[in-house]
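Here is input_17.txt, consisting of compact mmCIF, C-alpha atoms and all ligand atoms:
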# COMPACT_ATOMS: atom_id res chain seq x y z
CA MET J 1 26.51 27.71 -68.17
CA ASN J 2 25.43 29.63 -71.26
CA ASN J 3 24.13 27.81 -74.32
CA GLY J 4 27.50 27.86 -76.06
CA ASN J 5 29.24 26.16 -73.15
CA LEU J 6 26.39 23.71 -72.81
CA PHE J 7 26.77 22.81 -76.48
CA ILE J 8 30.48 22.17 -76.05
CA PHE J 9 29.79 20.19 -72.90
CA TYR J 10 27.31 17.88 -74.66
CA SER J 11 29.54 17.55 -77.72
CA VAL J 12 32.41 16.38 -75.54
CA LEU J 13 30.06 14.01 -73.76
CA ILE J 14 28.80 12.53 -77.04
CA ILE J 15 32.26 12.25 -78.62
CA GLY J 16 33.55 10.70 -75.40
CA THR J 17 30.81 8.07 -75.57
CA VAL J 18 31.32 7.32 -79.25
CA CYS J 19 35.07 6.81 -78.74
CA ALA J 20 34.49 3.92 -76.35
CA GLU J 21 34.29 1.23 -78.99
CA MET J 22 32.56 -2.09 -78.58
CA VAL J 23 35.08 -4.81 -79.20
CA PRO J 24 34.62 -8.50 -80.01
CA PHE J 25 35.10 -10.95 -77.17
CA GLU J 26 34.34 -14.52 -76.26
CA LEU J 27 33.61 -16.30 -73.01
CA CYS J 28 36.41 -18.39 -71.52
CA THR J 29 36.49 -22.14 -71.62
CA ALA J 30 39.34 -22.39 -69.10
CA PRO J 31 39.31 -22.38 -66.13
CA ASN J 32 35.55 -22.29 -66.84
CA PRO J 33 33.00 -20.00 -68.50
CA GLY J 34 31.75 -18.82 -65.12
CA GLN J 35 28.19 -18.22 -63.99
CA CYS J 36 27.96 -14.93 -65.75
CA THR J 37 26.70 -13.20 -68.87
CA VAL J 38 29.05 -10.66 -70.43
CA HIS J 39 26.94 -8.28 -72.53
CA GLU J 40 29.43 -5.88 -73.95
CA VAL J 41 33.12 -4.99 -73.79
CA ARG J 42 34.27 -1.45 -74.62
CA ILE J 43 37.77 -0.09 -75.03
CA ASN J 44 38.68 3.56 -75.35
CA PRO J 45 40.48 4.63 -77.45
CA CYS J 46 40.07 2.02 -80.16
CA PRO J 47 39.65 3.46 -83.67
CA GLU J 48 40.84 0.04 -84.95
CA SER J 49 37.54 -1.58 -83.98
CA VAL J 50 35.95 -0.17 -87.15
CA ASP J 51 38.25 -2.47 -89.14
CA HIS J 52 37.67 -5.39 -86.71
CA LYS J 53 41.31 -5.24 -85.62
CA PRO J 54 42.59 -5.51 -82.03
CA CYS J 55 42.75 -2.17 -80.22
CA LYS J 56 46.18 -0.61 -80.30
CA ILE J 57 47.41 0.65 -76.96
CA LYS J 58 50.61 2.63 -76.78
CA ARG J 59 53.07 1.40 -74.20
CA GLY J 60 53.50 3.97 -71.49
CA LYS J 61 49.87 5.05 -71.96
CA SER J 62 46.61 3.80 -70.58
CA ALA J 63 43.34 2.58 -72.01
CA SER J 64 39.92 2.51 -70.48
CA ILE J 65 38.34 -0.93 -70.57
CA GLU J 66 34.75 -1.46 -69.55
CA PHE J 67 32.43 -4.39 -69.63
CA ASP J 68 28.80 -4.97 -68.72
CA TYR J 69 27.92 -8.22 -67.01
CA THR J 70 25.21 -10.04 -65.10
CA THR J 71 26.08 -12.78 -62.64
CA ASP J 72 24.14 -15.82 -61.47
CA PHE J 73 25.69 -15.48 -58.03
CA ASN J 74 25.94 -12.97 -55.21
CA SER J 75 29.26 -11.71 -53.98
CA SER J 76 29.96 -9.16 -51.29
CA SER J 77 33.40 -8.45 -52.70
CA ALA J 78 35.18 -9.00 -55.99
CA HIS J 79 38.63 -9.68 -57.36
CA GLY J 80 39.55 -8.59 -60.89
CA GLN J 81 42.64 -9.54 -62.83
CA VAL J 82 43.75 -9.53 -66.45
CA TYR J 83 45.86 -12.43 -67.71
CA TRP J 84 47.83 -12.86 -70.86
CA GLU J 85 47.13 -16.25 -72.44
CA SER J 86 50.69 -17.16 -73.33
CA ASP J 87 52.13 -20.45 -74.54
CA GLU J 88 53.36 -20.99 -70.97
CA GLY J 89 49.88 -20.54 -69.54
CA ASP J 90 47.95 -17.59 -68.14
CA LEU J 91 50.30 -14.91 -66.88
CA PRO J 92 48.82 -12.17 -64.68
CA PHE J 93 49.18 -8.63 -65.99
CA LEU J 94 51.30 -7.13 -63.21
CA GLY J 95 50.59 -3.85 -61.48
CA MET J 96 46.80 -3.99 -61.61
CA ASN J 97 44.49 -2.98 -58.84
CA THR J 98 42.69 -6.27 -58.27
CA GLN J 99 40.22 -4.83 -55.75
CA ALA J 100 37.34 -4.93 -58.19
CA CYS J 101 34.84 -3.22 -55.89
CA GLN J 102 36.70 0.01 -56.67
CA HIS J 103 35.73 -0.48 -60.34
CA THR J 104 32.24 -1.94 -60.09
CA SER J 105 29.55 -1.59 -57.48
CA CYS J 106 29.56 -4.10 -54.65
CA PRO J 107 27.88 -6.23 -53.50
CA ILE J 108 27.49 -7.99 -56.83
CA VAL J 109 23.91 -9.14 -56.92
CA THR J 110 22.61 -11.99 -59.05
CA SER J 111 20.56 -11.07 -62.16
CA THR J 112 21.59 -7.42 -61.96
CA ARG J 113 23.39 -5.83 -64.89
CA GLN J 114 26.51 -4.04 -63.73
CA THR J 115 29.46 -2.29 -65.32
CA TYR J 116 33.11 -2.77 -64.49
CA ALA J 117 35.32 0.11 -65.58
CA TYR J 118 39.09 -0.02 -65.38
CA THR J 119 41.93 2.15 -66.61
CA LEU J 120 44.68 -0.20 -67.71
CA ASP J 121 48.14 1.34 -67.48
CA VAL J 122 50.49 -0.29 -69.92
CA ALA J 123 54.10 -0.18 -68.80
CA LYS J 124 56.81 0.50 -71.36
CA LYS J 125 58.52 -2.75 -70.38
CA PHE J 126 55.77 -4.92 -71.93
CA PRO J 127 56.91 -6.25 -75.30
CA ALA J 128 55.07 -4.70 -78.26
CA ARG J 129 52.86 -7.38 -79.84
CA THR J 130 49.32 -8.69 -79.98
CA TYR J 131 48.06 -10.25 -76.77
CA LEU J 132 45.12 -12.52 -76.20
CA ILE J 133 43.96 -11.35 -72.82
CA LYS J 134 41.60 -12.95 -70.37
CA TRP J 135 39.69 -10.90 -67.85
CA ILE J 136 38.55 -12.66 -64.70
CA LEU J 137 36.22 -11.07 -62.20
CA ARG J 138 35.58 -13.50 -59.38
CA ASN J 139 34.25 -13.98 -55.91
CA PRO J 140 37.40 -13.95 -53.72
CA GLN J 141 35.55 -15.86 -51.01
CA GLN J 142 35.49 -18.90 -53.30
CA PRO J 143 38.44 -21.00 -54.46
CA GLU J 144 40.07 -19.78 -57.70
CA GLU J 145 38.58 -22.65 -59.74
CA SER J 146 35.05 -21.81 -58.60
CA THR J 147 32.43 -21.00 -61.22
CA GLU J 148 31.53 -17.85 -59.28
CA MET J 149 33.30 -15.72 -61.85
CA CYS J 150 32.92 -13.77 -65.05
CA CYS J 151 35.55 -14.53 -67.65
CA PHE J 152 36.00 -13.31 -71.19
CA ARG J 153 38.81 -13.08 -73.74
CA THR J 154 39.68 -10.38 -76.20
CA LYS J 155 42.73 -9.17 -78.10
CA ILE J 156 44.78 -6.04 -77.64
CA LYS J 157 47.86 -4.90 -79.47
CA LEU J 158 50.60 -3.07 -77.60
CA VAL J 159 52.52 -0.71 -79.83
CA LYS J 160 55.59 1.48 -79.44
C1 LIG O 201 21.30 -12.81 -53.64
O1 LIG O 201 21.04 -11.57 -53.03
C2 LIG O 201 19.72 -11.13 -53.23
C3 LIG O 201 19.60 -9.70 -52.72
O2 LIG O 201 20.24 -9.55 -51.48
C4 LIG O 201 18.76 -12.10 -52.52
O3 LIG O 201 17.43 -11.68 -52.73
C5 LIG O 201 18.98 -13.48 -53.12
O4 LIG O 201 18.19 -14.43 -52.40
C6 LIG O 201 20.42 -13.91 -53.06
N1 LIG O 201 20.59 -15.13 -53.84
C7 LIG O 201 21.39 -16.10 -53.47
C8 LIG O 201 21.48 -17.27 -54.41
O5 LIG O 201 22.04 -16.07 -52.45

Would you put the structure from the file into structure tokens?
Ligand SMILES: *[C@@H]1O[C@H](CO)[C@@H](O)[C@H](O)[C@H]1NC(C)=O
Amino acid sequence: MNNGNLFIFYSVLIIGTVCAEMVPFELCTAPNPGQCTVHEVRINPCPESVDHKPCKIKRGKSASIEFDYTTDFNSSSAHGQVYWESDEGDLPFLGMNTQACQHTSCPIVTSTRQTYAYTLDVAKKFPARTYLIKWILRNPQQPEESTEMCCFRTKIKLVK
């Protein structure tokens, strides 16, 4: 690569990094907060985060969602699923790849900061509105109510 190309390469790299915006989140209370620290949640694209608004994701498009976490448990495998906190309870976001080891490195080792990176495809059939979503990354070898999980909530807005 000559210097010009190198410059473009680094510019793209830097812009790409800046575009992944840190978004506000909170730990879950239900089913439980989990034995886990969530350090940071990033969504790309999300220009709305500057105004502290939920990220807008166009239906029919995808968004990259990443979070950094540290668990207080070991797990050889992992299950990841997004839920929509609706009035009728938590509804799983259909069509996800729940095999979390394809999106974070396994085994998950206690006290080790790791990143989970997922590209969320948003089908056109989802109604356009703001969703409170809950992300659960858990040890599939434990029952679903186990505290061996990471769980946080954030908002996204699906738009036409
Ligand atoms: C978790 O795994 C690490 C590394 O393999 C090990 O040192 C540690 O003892 C394990 N902790 C528990 C609670 O199983």

Once you count all atoms listed in the file, which residues end up within 6 Å of ligand LIG 201 (chain O), and could you hand them over as a ChimeraX atom specification?
/J:73-74,109-110

Interatomic distance between CA of Phe67 in chain J and CA of Glu40 in chain J?
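These atoms are spaced 5.5 Å apart.
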
Give as a list of chain:residue names the set of residues within 8 Å of the point (47.3, -8.2, -65.2), where distances use the file's coordinates and all atoms listed in the file.
J:Gln81, J:Val82, J:Tyr83, J:Trp84, J:Leu91, J:Pro92, J:Phe93, J:Leu94, J:Gly95, J:Met96

Edge lengths and centre, in Å to one decimal, as JSON: that's what I need for the box along x, y and z that holds all listed atoms of range 123-126 of chain J plus 3 Å on each side.
{"center_x": 56.3, "center_y": -2.2, "center_z": -70.4, "size_x": 10.4, "size_y": 11.4, "size_z": 9.1}

Restricting the calculation to only C-alpha atoms: of J:Pro47, J:Gly89, J:Gly34, J:Gly80, which residue gets closest to Trp135 in chain J?
J:Gly80

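Proximity ranking of J:Pro31, J:Lys134, J:Asn44, J:Glu66 relative to Tyr118 in chain J places J:Glu66 first, based on all atoms listed in the file.
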
Point-to-point distance in Å for CA of Ala100 in chain J and CA of Thr112 in chain J
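If I compute the distance from CA of Thr112 in chain J to CA of Ala100 in chain J, I get 16.4 Å.
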
Quick one: residues within 10 Å of Ala78 in chain J, all atoms listed in the file counted, chain neighbours fewer than 4 positions away excluded, as a VMD selection string?
chain J and resid 98 to 108 137 to 141 149

Please produce range 111-137 of chain J, completed to N, CA, C and O atoms, as a PDB file, in the coordinates of the input.
ATOM      1  N   SER J 111      21.566 -11.566 -61.204  1.00  0.00           N
ATOM      2  CA  SER J 111      20.560 -11.070 -62.160  1.00  0.00           C
ATOM      3  C   SER J 111      20.498  -9.551 -62.269  1.00  0.00           C
ATOM      4  O   SER J 111      19.496  -9.011 -62.702  1.00  0.00           O
ATOM      5  N   THR J 112      21.546  -8.876 -61.867  1.00  0.00           N
ATOM      6  CA  THR J 112      21.590  -7.420 -61.960  1.00  0.00           C
ATOM      7  C   THR J 112      22.723  -7.009 -62.891  1.00  0.00           C
ATOM      8  O   THR J 112      23.878  -7.387 -62.674  1.00  0.00           O
ATOM      9  N   ARG J 113      22.371  -6.253 -63.935  1.00  0.00           N
ATOM     10  CA  ARG J 113      23.390  -5.830 -64.890  1.00  0.00           C
ATOM     11  C   ARG J 113      24.280  -4.756 -64.262  1.00  0.00           C
ATOM     12  O   ARG J 113      23.770  -3.774 -63.731  1.00  0.00           O
ATOM     13  N   GLN J 114      25.557  -4.978 -64.309  1.00  0.00           N
ATOM     14  CA  GLN J 114      26.510  -4.040 -63.730  1.00  0.00           C
ATOM     15  C   GLN J 114      27.622  -3.731 -64.730  1.00  0.00           C
ATOM     16  O   GLN J 114      27.825  -4.476 -65.673  1.00  0.00           O
ATOM     17  N   THR J 115      28.335  -2.662 -64.467  1.00  0.00           N
ATOM     18  CA  THR J 115      29.460  -2.290 -65.320  1.00  0.00           C
ATOM     19  C   THR J 115      30.739  -2.318 -64.490  1.00  0.00           C
ATOM     20  O   THR J 115      30.730  -1.931 -63.324  1.00  0.00           O
ATOM     21  N   TYR J 116      31.781  -2.793 -65.105  1.00  0.00           N
ATOM     22  CA  TYR J 116      33.110  -2.770 -64.490  1.00  0.00           C
ATOM     23  C   TYR J 116      33.943  -1.857 -65.379  1.00  0.00           C
ATOM     24  O   TYR J 116      33.985  -2.041 -66.588  1.00  0.00           O
ATOM     25  N   ALA J 117      34.541  -0.853 -64.792  1.00  0.00           N
ATOM     26  CA  ALA J 117      35.320   0.110 -65.580  1.00  0.00           C
ATOM     27  C   ALA J 117      36.720   0.212 -65.011  1.00  0.00           C
ATOM     28  O   ALA J 117      36.892   0.459 -63.811  1.00  0.00           O
ATOM     29  N   TYR J 118      37.705   0.014 -65.858  1.00  0.00           N
ATOM     30  CA  TYR J 118      39.090  -0.020 -65.380  1.00  0.00           C
ATOM     31  C   TYR J 118      39.984   0.760 -66.339  1.00  0.00           C
ATOM     32  O   TYR J 118      39.816   0.692 -67.553  1.00  0.00           O
ATOM     33  N   THR J 119      40.927   1.487 -65.784  1.00  0.00           N
ATOM     34  CA  THR J 119      41.930   2.150 -66.610  1.00  0.00           C
ATOM     35  C   THR J 119      43.193   1.307 -66.543  1.00  0.00           C
ATOM     36  O   THR J 119      43.816   1.183 -65.488  1.00  0.00           O
ATOM     37  N   LEU J 120      43.521   0.693 -67.659  1.00  0.00           N
ATOM     38  CA  LEU J 120      44.680  -0.200 -67.710  1.00  0.00           C
ATOM     39  C   LEU J 120      45.912   0.596 -68.103  1.00  0.00           C
ATOM     40  O   LEU J 120      45.976   1.179 -69.180  1.00  0.00           O
ATOM     41  N   ASP J 121      46.874   0.651 -67.184  1.00  0.00           N
ATOM     42  CA  ASP J 121      48.140   1.340 -67.480  1.00  0.00           C
ATOM     43  C   ASP J 121      49.088   0.321 -68.086  1.00  0.00           C
ATOM     44  O   ASP J 121      49.312  -0.739 -67.510  1.00  0.00           O
ATOM     45  N   VAL J 122      49.605   0.651 -69.224  1.00  0.00           N
ATOM     46  CA  VAL J 122      50.490  -0.290 -69.920  1.00  0.00           C
ATOM     47  C   VAL J 122      51.924   0.189 -69.788  1.00  0.00           C
ATOM     48  O   VAL J 122      52.299   1.223 -70.347  1.00  0.00           O
ATOM     49  N   ALA J 123      52.705  -0.562 -69.032  1.00  0.00           N
ATOM     50  CA  ALA J 123      54.100  -0.180 -68.800  1.00  0.00           C
ATOM     51  C   ALA J 123      54.906  -0.314 -70.085  1.00  0.00           C
ATOM     52  O   ALA J 123      54.605  -1.146 -70.939  1.00  0.00           O
ATOM     53  N   LYS J 124      55.935   0.518 -70.175  1.00  0.00           N
ATOM     54  CA  LYS J 124      56.810   0.500 -71.360  1.00  0.00           C
ATOM     55  C   LYS J 124      57.568  -0.818 -71.479  1.00  0.00           C
ATOM     56  O   LYS J 124      58.011  -1.193 -72.550  1.00  0.00           O
ATOM     57  N   LYS J 125      57.707  -1.524 -70.359  1.00  0.00           N
ATOM     58  CA  LYS J 125      58.520  -2.750 -70.380  1.00  0.00           C
ATOM     59  C   LYS J 125      57.797  -3.917 -71.050  1.00  0.00           C
ATOM     60  O   LYS J 125      58.425  -4.907 -71.403  1.00  0.00           O
ATOM     61  N   PHE J 126      56.475  -3.824 -71.256  1.00  0.00           N
ATOM     62  CA  PHE J 126      55.770  -4.920 -71.930  1.00  0.00           C
ATOM     63  C   PHE J 126      56.196  -4.970 -73.398  1.00  0.00           C
ATOM     64  O   PHE J 126      56.192  -3.948 -74.071  1.00  0.00           O
ATOM     65  N   PRO J 127      56.543  -6.156 -73.887  1.00  0.00           N
ATOM     66  CA  PRO J 127      56.910  -6.250 -75.300  1.00  0.00           C
ATOM     67  C   PRO J 127      55.751  -5.839 -76.215  1.00  0.00           C
ATOM     68  O   PRO J 127      54.598  -6.156 -75.930  1.00  0.00           O
ATOM     69  N   ALA J 128      56.089  -5.123 -77.299  1.00  0.00           N
ATOM     70  CA  ALA J 128      55.070  -4.700 -78.260  1.00  0.00           C
ATOM     71  C   ALA J 128      54.669  -5.894 -79.113  1.00  0.00           C
ATOM     72  O   ALA J 128      55.513  -6.503 -79.767  1.00  0.00           O
ATOM     73  N   ARG J 129      53.406  -6.263 -79.063  1.00  0.00           N
ATOM     74  CA  ARG J 129      52.860  -7.380 -79.840  1.00  0.00           C
ATOM     75  C   ARG J 129      51.367  -7.499 -79.558  1.00  0.00           C
ATOM     76  O   ARG J 129      50.832  -6.759 -78.735  1.00  0.00           O
ATOM     77  N   THR J 130      50.745  -8.464 -80.230  1.00  0.00           N
ATOM     78  CA  THR J 130      49.320  -8.690 -79.980  1.00  0.00           C
ATOM     79  C   THR J 130      49.178  -9.693 -78.831  1.00  0.00           C
ATOM     80  O   THR J 130      49.895 -10.687 -78.776  1.00  0.00           O
ATOM     81  N   TYR J 131      48.297  -9.394 -77.921  1.00  0.00           N
ATOM     82  CA  TYR J 131      48.060 -10.250 -76.770  1.00  0.00           C
ATOM     83  C   TYR J 131      46.615 -10.729 -76.765  1.00  0.00           C
ATOM     84  O   TYR J 131      45.704  -9.932 -76.979  1.00  0.00           O
ATOM     85  N   LEU J 132      46.444 -12.019 -76.502  1.00  0.00           N
ATOM     86  CA  LEU J 132      45.120 -12.520 -76.200  1.00  0.00           C
ATOM     87  C   LEU J 132      44.990 -12.391 -74.689  1.00  0.00           C
ATOM     88  O   LEU J 132      45.770 -12.990 -73.943  1.00  0.00           O
ATOM     89  N   ILE J 133      44.084 -11.550 -74.261  1.00  0.00           N
ATOM     90  CA  ILE J 133      43.960 -11.350 -72.820  1.00  0.00           C
ATOM     91  C   ILE J 133      42.658 -11.964 -72.296  1.00  0.00           C
ATOM     92  O   ILE J 133      41.673 -12.111 -73.021  1.00  0.00           O
ATOM     93  N   LYS J 134      42.726 -12.323 -71.043  1.00  0.00           N
ATOM     94  CA  LYS J 134      41.600 -12.950 -70.370  1.00  0.00           C
ATOM     95  C   LYS J 134      41.299 -12.103 -69.149  1.00  0.00           C
ATOM     96  O   LYS J 134      42.203 -11.761 -68.395  1.00  0.00           O
ATOM     97  N   TRP J 135      40.060 -11.716 -69.012  1.00  0.00           N
ATOM     98  CA  TRP J 135      39.690 -10.900 -67.850  1.00  0.00           C
ATOM     99  C   TRP J 135      38.862 -11.756 -66.914  1.00  0.00           C
ATOM    100  O   TRP J 135      37.862 -12.325 -67.329  1.00  0.00           O
ATOM    101  N   ILE J 136      39.293 -11.861 -65.677  1.00  0.00           N
ATOM    102  CA  ILE J 136      38.550 -12.660 -64.700  1.00  0.00           C
ATOM    103  C   ILE J 136      38.118 -11.789 -63.530  1.00  0.00           C
ATOM    104  O   ILE J 136      38.944 -11.153 -62.876  1.00  0.00           O
ATOM    105  N   LEU J 137      36.809 -11.755 -63.339  1.00  0.00           N
ATOM    106  CA  LEU J 137      36.220 -11.070 -62.200  1.00  0.00           C
ATOM    107  C   LEU J 137      35.594 -12.178 -61.360  1.00  0.00           C
ATOM    108  O   LEU J 137      34.732 -12.913 -61.848  1.00  0.00           O
TER     109      LEU J 137
END
